[in-house]
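*Asks:* This is the structure, below, for whatever I ask next.
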Amino acid sequence: MGQGSLRTALAETTARLREAGVASPRLDAELLLMHALGWDRARLYAALADPLPAEAAAPFAALVARRLAGEPVAYLVGRREFMRLDLAVGPGVLVPRPETECLVEWLIARLPPALGGRGGGAAGPRVADVGTGSGAIALALAAALPGARVVGVDRSAAALAYADANRRRHGLAGRVALVRGDLLAPVGRVDVIAANLPYLRPDQLHAGIAREPREALAGGPDGSDGLDLYRALLPQAAALLAAPGLLAAEIDPSQAAPMLALCRAAFPGAALGIERDLAGLERFVTVERH
């Protein structure tokens, strides 16, 4: 790590991360430096001309080395923001992605008034977040829908430990239940189903996500199309989703057509759709049961 100002440290680190193929080198450099300093972004930018404090130099260098070795920046700083919620994350749980916020926003926007949507009454929906991981979707929906009764389901005890810490951090332990189980097996009748299940084909796994749990990423064994878990989920969802009811599921853009076919078979007569993510990619399949 070169000597000099905080601005120099940021520039040098950004260059090193970019050369290593990191997707967001400047942002990662800022997050690691803020973490080493214990500062927020406003304080960092107000002091860019100042020298890098001696006591922060070694911790910052160690964080950068670990990032260059492939550790997710969210694991290194122990947190990730999702829908303005500060969430604890770390080894054993998937790092929430910005594109998944679009799934939450669609569900909130499409919620019927009868279930507490825009212009509706005080009654809130019964919500199931399948594959809740860190609790990102469940907590975001609970925070946005004060009357909602939310349950987050996951097979991973490690992931549920993070979700539990996050619901307590945000004062939502009384409104978000967490259950260890398989898909919708522990869940009864619901009005809303959110699903961000593992959906990558095994051949899509790469070094940039190697430190995150494989079981939270790959949607099947070698040779699968990544939709194995959704094939199991959709018949359960069809049996449990009320009318009116909503389902939104995150997928890989290459899976839009086959996933629509699976939804059409499970929900005959329902309104189906494809929603795009922040990059304009076909990222979500939606079901509206009227």
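Please note that chains go A, B, ... in the order of the structure tokens, that every chain numbers its residues from 1, and that ligands are numbered from 1 in the order shown.
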Could you make a table, as a tab-separated table, of the residues of region 15-82 of chain A that have an atom within 7 Å of an atom of region 91-109 of chain A, each with its nearest atom pair and distance in Å to one decimal, counting only C-alpha atoms, in chain and number order?
*Replies:*
```
residue	atom	partner	partner_atom	distance
A:Ala74	CA	A:Val95	CA	6.9
A:Tyr75	CA	A:Pro91	CA	6.5
A:Phe82	CA	A:Pro96	CA	6.9
```
*Asks:* If we count only C-alpha atoms, what is near Arg26 (chain A) at a cut-off of 9 Å, once residues fewer than 5 positions away on the same chain are taken out, given as a list in words?
*Replies:*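 Near Arg26 (chain A), the qualifying residues are Leu10, Ala11, Thr13, Thr14, Ala15, Leu17, Arg18 and Leu31 of chain A.
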*Asks:* Output N, CA, C and O atoms for every residue in that selection, as a compact mmCIF listing (two decimals), in the first residue's frame.
*Replies:*
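Contents of the output file result_25.txt:
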```
# COMPACT_ATOMS: atom_id res chain seq x y z
N LEU A 10 -7.13 5.55 -1.81
CA LEU A 10 -8.31 5.13 -2.56
C LEU A 10 -7.98 4.87 -4.02
O LEU A 10 -8.41 3.86 -4.61
N ALA A 11 -7.22 5.78 -4.63
CA ALA A 11 -6.88 5.64 -6.05
C ALA A 11 -6.04 4.39 -6.29
O ALA A 11 -6.29 3.64 -7.25
N THR A 13 -5.81 1.67 -4.43
CA THR A 13 -6.60 0.46 -4.17
C THR A 13 -7.61 0.21 -5.28
O THR A 13 -7.80 -0.93 -5.71
N THR A 14 -8.24 1.27 -5.76
CA THR A 14 -9.19 1.13 -6.87
C THR A 14 -8.49 0.53 -8.08
O THR A 14 -9.03 -0.38 -8.74
N ALA A 15 -7.29 1.00 -8.37
CA ALA A 15 -6.55 0.48 -9.52
C ALA A 15 -6.21 -0.99 -9.33
O ALA A 15 -6.33 -1.79 -10.27
N LEU A 17 -7.80 -3.24 -7.49
CA LEU A 17 -9.01 -4.04 -7.58
C LEU A 17 -9.50 -4.14 -9.02
O LEU A 17 -9.97 -5.19 -9.46
N ARG A 18 -9.39 -3.04 -9.76
CA ARG A 18 -9.80 -3.07 -11.17
C ARG A 18 -8.94 -4.04 -11.97
O ARG A 18 -9.45 -4.82 -12.78
N LEU A 31 -15.55 1.22 0.70
CA LEU A 31 -16.13 0.46 1.81
C LEU A 31 -15.06 -0.11 2.71
O LEU A 31 -15.18 -0.07 3.95
```
*Asks:* Show which residues sit within 10 Å of Ala61 (chain A), as JSON, numbers by chain. Count only C-alpha atoms, and ignore same-chain residues fewer than 2 positions away.
*Replies:* {"A": [1, 2, 9, 13, 32, 33, 36, 56, 57, 58, 59, 63, 64, 65, 66, 67]}
*Asks:* Now that the selection is made, can you save its residues with all heavy atoms as a short mmCIF file (atom, residue, chain, number, x, y, z; two decimals), in the first residue's frame?
*Replies:*
```cif
data_model
loop_
_atom_site.label_atom_id
_atom_site.label_comp_id
_atom_site.auth_asym_id
_atom_site.auth_seq_id
_atom_site.Cartn_x
_atom_site.Cartn_y
_atom_site.Cartn_z
N MET A 1 0.85 -1.18 0.00
CA MET A 1 0.00 0.00 0.00
C MET A 1 0.88 1.24 0.00
O MET A 1 1.77 1.37 0.83
CB MET A 1 -0.90 0.00 1.25
CG MET A 1 -1.92 1.14 1.25
SD MET A 1 -3.22 0.85 0.03
CE MET A 1 -3.89 -0.71 0.60
N GLY A 2 0.68 2.14 -0.95
CA GLY A 2 1.49 3.34 -1.03
C GLY A 2 1.22 4.27 0.13
O GLY A 2 0.19 4.23 0.78
N ALA A 9 -4.60 6.62 -1.29
CA ALA A 9 -4.90 5.24 -0.90
C ALA A 9 -6.10 4.71 -1.66
O ALA A 9 -6.11 3.55 -2.12
CB ALA A 9 -5.14 5.18 0.60
N THR A 13 -5.81 1.67 -4.43
CA THR A 13 -6.60 0.46 -4.17
C THR A 13 -7.61 0.21 -5.28
O THR A 13 -7.80 -0.93 -5.71
CB THR A 13 -7.31 0.58 -2.81
OG1 THR A 13 -6.32 0.79 -1.80
CG2 THR A 13 -8.11 -0.67 -2.51
N LEU A 32 -13.99 -0.63 2.12
CA LEU A 32 -12.91 -1.20 2.93
C LEU A 32 -12.17 -0.12 3.71
O LEU A 32 -11.82 -0.33 4.89
CB LEU A 32 -11.94 -1.97 2.04
CG LEU A 32 -12.52 -3.20 1.33
CD1 LEU A 32 -11.48 -3.84 0.43
CD2 LEU A 32 -13.07 -4.21 2.32
N LEU A 33 -11.95 1.03 3.09
CA LEU A 33 -11.26 2.10 3.79
C LEU A 33 -12.13 2.67 4.91
O LEU A 33 -11.64 2.92 6.02
CB LEU A 33 -10.87 3.20 2.80
CG LEU A 33 -10.02 4.35 3.37
CD1 LEU A 33 -8.79 3.84 4.08
CD2 LEU A 33 -9.64 5.34 2.26
N ALA A 36 -11.92 0.21 7.78
CA ALA A 36 -10.65 0.27 8.49
C ALA A 36 -10.55 1.51 9.37
O ALA A 36 -9.97 1.48 10.46
CB ALA A 36 -9.49 0.25 7.49
N ALA A 56 -4.63 2.85 10.90
CA ALA A 56 -5.56 2.23 9.96
C ALA A 56 -4.85 1.59 8.78
O ALA A 56 -5.47 0.81 8.02
CB ALA A 56 -6.56 3.26 9.45
N ALA A 57 -3.58 1.86 8.60
CA ALA A 57 -2.88 1.40 7.40
C ALA A 57 -2.81 -0.12 7.32
O ALA A 57 -3.13 -0.72 6.28
CB ALA A 57 -1.47 2.01 7.36
N ALA A 58 -2.40 -0.77 8.39
CA ALA A 58 -2.27 -2.23 8.37
C ALA A 58 -3.63 -2.92 8.24
O ALA A 58 -3.78 -3.85 7.43
CB ALA A 58 -1.52 -2.71 9.61
N PRO A 59 -4.66 -2.51 9.03
CA PRO A 59 -5.97 -3.14 8.83
C PRO A 59 -6.51 -2.96 7.42
O PRO A 59 -7.10 -3.88 6.85
CB PRO A 59 -6.85 -2.43 9.86
CG PRO A 59 -5.91 -1.97 10.92
CD PRO A 59 -4.64 -1.61 10.19
N LEU A 63 -7.42 -5.94 4.69
CA LEU A 63 -8.74 -6.05 4.05
C LEU A 63 -8.61 -6.10 2.54
O LEU A 63 -9.29 -6.90 1.86
CB LEU A 63 -9.62 -4.87 4.47
CG LEU A 63 -10.13 -4.87 5.91
CD1 LEU A 63 -10.75 -3.51 6.25
CD2 LEU A 63 -11.15 -5.98 6.13
N VAL A 64 -7.75 -5.26 1.99
CA VAL A 64 -7.56 -5.24 0.54
C VAL A 64 -6.99 -6.58 0.06
O VAL A 64 -7.42 -7.12 -0.97
CB VAL A 64 -6.64 -4.07 0.14
CG1 VAL A 64 -6.28 -4.15 -1.35
CG2 VAL A 64 -7.31 -2.74 0.45
N ALA A 65 -6.04 -7.12 0.80
CA ALA A 65 -5.47 -8.41 0.41
C ALA A 65 -6.53 -9.50 0.40
O ALA A 65 -6.55 -10.36 -0.51
CB ALA A 65 -4.33 -8.77 1.37
N ARG A 66 -7.40 -9.50 1.38
CA ARG A 66 -8.46 -10.51 1.43
C ARG A 66 -9.47 -10.30 0.29
O ARG A 66 -9.97 -11.28 -0.29
CB ARG A 66 -9.16 -10.46 2.78
CG ARG A 66 -8.27 -10.95 3.93
CD ARG A 66 -8.88 -10.65 5.28
NE ARG A 66 -10.13 -11.38 5.49
CZ ARG A 66 -10.93 -11.19 6.55
NH1 ARG A 66 -10.59 -10.31 7.48
NH2 ARG A 66 -12.03 -11.89 6.66
N ARG A 67 -9.74 -9.04 -0.05
CA ARG A 67 -10.65 -8.78 -1.18
C ARG A 67 -10.02 -9.27 -2.47
O ARG A 67 -10.70 -9.87 -3.33
CB ARG A 67 -10.95 -7.28 -1.27
CG ARG A 67 -11.97 -6.94 -2.38
CD ARG A 67 -13.34 -7.47 -2.03
NE ARG A 67 -14.30 -7.30 -3.10
CZ ARG A 67 -14.69 -8.28 -3.91
NH1 ARG A 67 -14.18 -9.50 -3.79
NH2 ARG A 67 -15.59 -8.05 -4.85
#
```
*Asks:* Residues near His35 (chain A), anyone? I mean within 9 Å using only C-alpha atoms, not counting same-chain ones fewer than 4 positions away, as a ChimeraX atom specification.
*Replies:* /A:30-31,39-40,60,76-77
*Asks:* Those same residues - N, CA, C and O atoms - I'd like them written as a JSON list (two decimals), in the first residue's frame.
*Replies:*
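This went into result.json:
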```json
[["chain", "number", "residue", "atom", "x", "y", "z"],
["A", 30, "GLU", "N", -13.71, 2.13, -1.26],
["A", 30, "GLU", "CA", -14.30, 3.06, -0.28],
["A", 30, "GLU", "C", -14.83, 2.30, 0.94],
["A", 30, "GLU", "O", -14.59, 2.70, 2.08],
["A", 31, "LEU", "N", -15.55, 1.22, 0.70],
["A", 31, "LEU", "CA", -16.13, 0.46, 1.81],
["A", 31, "LEU", "C", -15.06, -0.11, 2.71],
["A", 31, "LEU", "O", -15.18, -0.07, 3.95],
["A", 39, "TRP", "N", -15.15, 5.11, 9.85],
["A", 39, "TRP", "CA", -15.80, 6.36, 9.45],
["A", 39, "TRP", "C", -16.95, 6.08, 8.49],
["A", 39, "TRP", "O", -17.02, 5.02, 7.86],
["A", 40, "ASP", "N", -17.83, 7.08, 8.32],
["A", 40, "ASP", "CA", -18.82, 7.01, 7.27],
["A", 40, "ASP", "C", -18.29, 7.73, 6.03],
["A", 40, "ASP", "O", -17.20, 8.32, 6.05],
["A", 60, "PHE", "N", -6.29, -1.77, 6.83],
["A", 60, "PHE", "CA", -6.77, -1.53, 5.47],
["A", 60, "PHE", "C", -6.05, -2.43, 4.48],
["A", 60, "PHE", "O", -6.67, -3.05, 3.60],
["A", 76, "LEU", "N", -16.26, -8.93, 4.45],
["A", 76, "LEU", "CA", -15.14, -8.23, 5.09],
["A", 76, "LEU", "C", -15.61, -7.13, 6.02],
["A", 76, "LEU", "O", -15.01, -6.91, 7.08],
["A", 77, "VAL", "N", -16.67, -6.44, 5.65],
["A", 77, "VAL", "CA", -17.17, -5.36, 6.51],
["A", 77, "VAL", "C", -18.32, -5.84, 7.40],
["A", 77, "VAL", "O", -18.75, -5.12, 8.31]]
```
*Asks:* Residues of region 32-127 of chain A that approach region 182-195 of chain A to 6 Å or less, counting only C-alpha atoms: could you list each one with the shortest pair of atoms and its distance in Å to one decimal, rows by chain and increasing residue number, as a Markdown table?
*Replies:*
```
| residue | atom | partner | partner_atom | distance |
| --- | --- | --- | --- | --- |
| A:Pro125 | CA | A:Asp191 | CA | 5.7 |
| A:Arg126 | CA | A:Val190 | CA | 4.9 |
| A:Val127 | CA | A:Val192 | CA | 4.7 |
```
*Asks:* Which parts of region 106-152 of chain A does DSSP call helix (DSSP H, G or I) when run on the backbone here, written out as an MDAnalysis selection string?
*Replies:* chainID A and resid 106:110 113:115 136:144
*Asks:* If you keep C-alpha atoms, can you produce a file of those selected residues as a PDB file, in the first residue's frame?
*Replies:*
```
ATOM      1  CA  TRP A 106     -42.934  -5.065  -7.423  1.00  0.00           C
ATOM      2  CA  LEU A 107     -44.719  -6.949  -4.636  1.00  0.00           C
ATOM      3  CA  ILE A 108     -45.371  -3.739  -2.702  1.00  0.00           C
ATOM      4  CA  ALA A 109     -46.629  -1.924  -5.808  1.00  0.00           C
ATOM      5  CA  ARG A 110     -48.954  -4.756  -6.885  1.00  0.00           C
ATOM      6  CA  PRO A 113     -55.948  -2.824  -1.427  1.00  0.00           C
ATOM      7  CA  ALA A 114     -57.845  -5.690   0.242  1.00  0.00           C
ATOM      8  CA  LEU A 115     -54.500  -6.983   1.514  1.00  0.00           C
ATOM      9  CA  ALA A 136     -33.448  -9.338   3.369  1.00  0.00           C
ATOM     10  CA  ILE A 137     -36.754  -9.789   1.513  1.00  0.00           C
ATOM     11  CA  ALA A 138     -38.782 -10.749   4.593  1.00  0.00           C
ATOM     12  CA  LEU A 139     -37.547  -7.782   6.604  1.00  0.00           C
ATOM     13  CA  ALA A 140     -37.952  -5.319   3.748  1.00  0.00           C
ATOM     14  CA  LEU A 141     -41.557  -6.406   3.231  1.00  0.00           C
ATOM     15  CA  ALA A 142     -42.298  -6.280   6.942  1.00  0.00           C
ATOM     16  CA  ALA A 143     -40.801  -2.790   7.186  1.00  0.00           C
ATOM     17  CA  ALA A 144     -42.815  -1.542   4.194  1.00  0.00           C
TER      18      ALA A 144
END
```
*Asks:* Taking the DSSP assignment computed from this structure's backbone, write out as a PyMOL selection string all residues of region 65-244 of chain A that belong to strand (DSSP E).
*Replies:* chain A and resi 79-82+85-88+126-130+149-154+176-180+190-195+241-244
*Asks:* For the selection just defined, write its residues with C-alpha atoms to a file, as a compact mmCIF listing (two decimals), in the first residue's frame.
*Replies:*
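Below is the file selection-v8.txt, written as the result:
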```
# COMPACT_ATOMS: atom_id res chain seq x y z
CA ARG A 79 -22.82 -5.84 6.47
CA ARG A 80 -24.81 -5.05 3.33
CA GLU A 81 -27.55 -2.47 2.80
CA PHE A 82 -30.81 -3.69 1.29
CA LEU A 85 -31.94 -1.77 5.92
CA ASP A 86 -28.46 -2.40 7.30
CA LEU A 87 -28.10 -6.20 7.32
CA ALA A 88 -25.46 -8.36 8.98
CA ARG A 126 -49.72 -13.17 5.02
CA VAL A 127 -46.26 -13.33 3.43
CA ALA A 128 -43.85 -16.23 2.89
CA ASP A 129 -40.24 -15.53 1.94
CA VAL A 130 -38.85 -18.83 0.67
CA ARG A 149 -47.46 -11.23 8.95
CA VAL A 150 -44.22 -12.55 7.51
CA VAL A 151 -42.50 -15.92 7.75
CA GLY A 152 -39.03 -16.56 6.37
CA VAL A 153 -38.08 -20.15 5.54
CA ASP A 154 -34.62 -21.54 4.89
CA VAL A 176 -41.17 -11.82 11.22
CA ALA A 177 -41.17 -15.51 12.10
CA LEU A 178 -38.26 -17.69 11.00
CA VAL A 179 -38.58 -21.40 10.30
CA ARG A 180 -36.00 -23.96 9.27
CA VAL A 190 -50.52 -17.14 2.31
CA ASP A 191 -51.33 -14.07 0.22
CA VAL A 192 -47.81 -13.30 -0.98
CA ILE A 193 -44.90 -15.59 -1.87
CA ALA A 194 -41.43 -14.19 -2.49
CA ALA A 195 -38.82 -16.64 -3.73
CA LEU A 241 -51.46 -19.08 -2.52
CA ALA A 242 -54.76 -17.33 -1.84
CA ALA A 243 -56.82 -15.37 -4.33
CA PRO A 244 -56.11 -12.52 -4.65
```
*Asks:* Which residue out of A:Cys263, A:Leu6, A:His206, A:Ala148 has the minimum interatomic distance to Tyr230 (chain A) when only C-alpha atoms are used?
*Replies:*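 Counting only C-alpha atoms, the residue closest to Tyr230 (chain A) is A:Cys263.
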*Asks:* Out of A:Ala249, A:Leu227, A:Met259, A:Val22, which residue has the shortest atom-to-atom distance to Leu68 (chain A) when counting only C-alpha atoms?
*Replies:* A:Val22
*Asks:* Name the residues in contact with Arg214 (chain A) at a cut-off of 10 Å, using only C-alpha atoms, excluding same-chain residues fewer than 4 positions from it; report them as a PyMOL selection string.
*Replies:* chain A and resi 92-94+198+200+202+205+209-210+218-219
*Asks:* Just C-alpha atoms for this one: save the residues we selected as a tab-separated table (two decimals), in the first residue's frame.
*Replies:*
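Saved to again-v4.tsv:
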```tsv
chain	number	residue	atom	x	y	z
A	92	GLY	CA	-22.55	-19.09	5.36
A	93	VAL	CA	-25.14	-16.72	3.92
A	94	LEU	CA	-25.76	-15.27	0.47
A	198	PRO	CA	-30.75	-20.94	-5.82
A	200	LEU	CA	-27.65	-20.76	-11.20
A	202	PRO	CA	-23.46	-25.28	-11.95
A	205	LEU	CA	-20.55	-20.61	-10.81
A	209	ILE	CA	-18.89	-15.91	-5.92
A	210	ALA	CA	-16.79	-18.87	-4.78
A	218	ALA	CA	-26.66	-23.51	-7.59
A	219	GLY	CA	-30.16	-24.64	-8.46
```
*Asks:* What is the CA of Leu247 (chain A) to CA of Leu234 (chain A) distance in Å?
*Replies:*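 About the pair CA of Leu247 (chain A) and CA of Leu234 (chain A): they are 9.7 Å apart.
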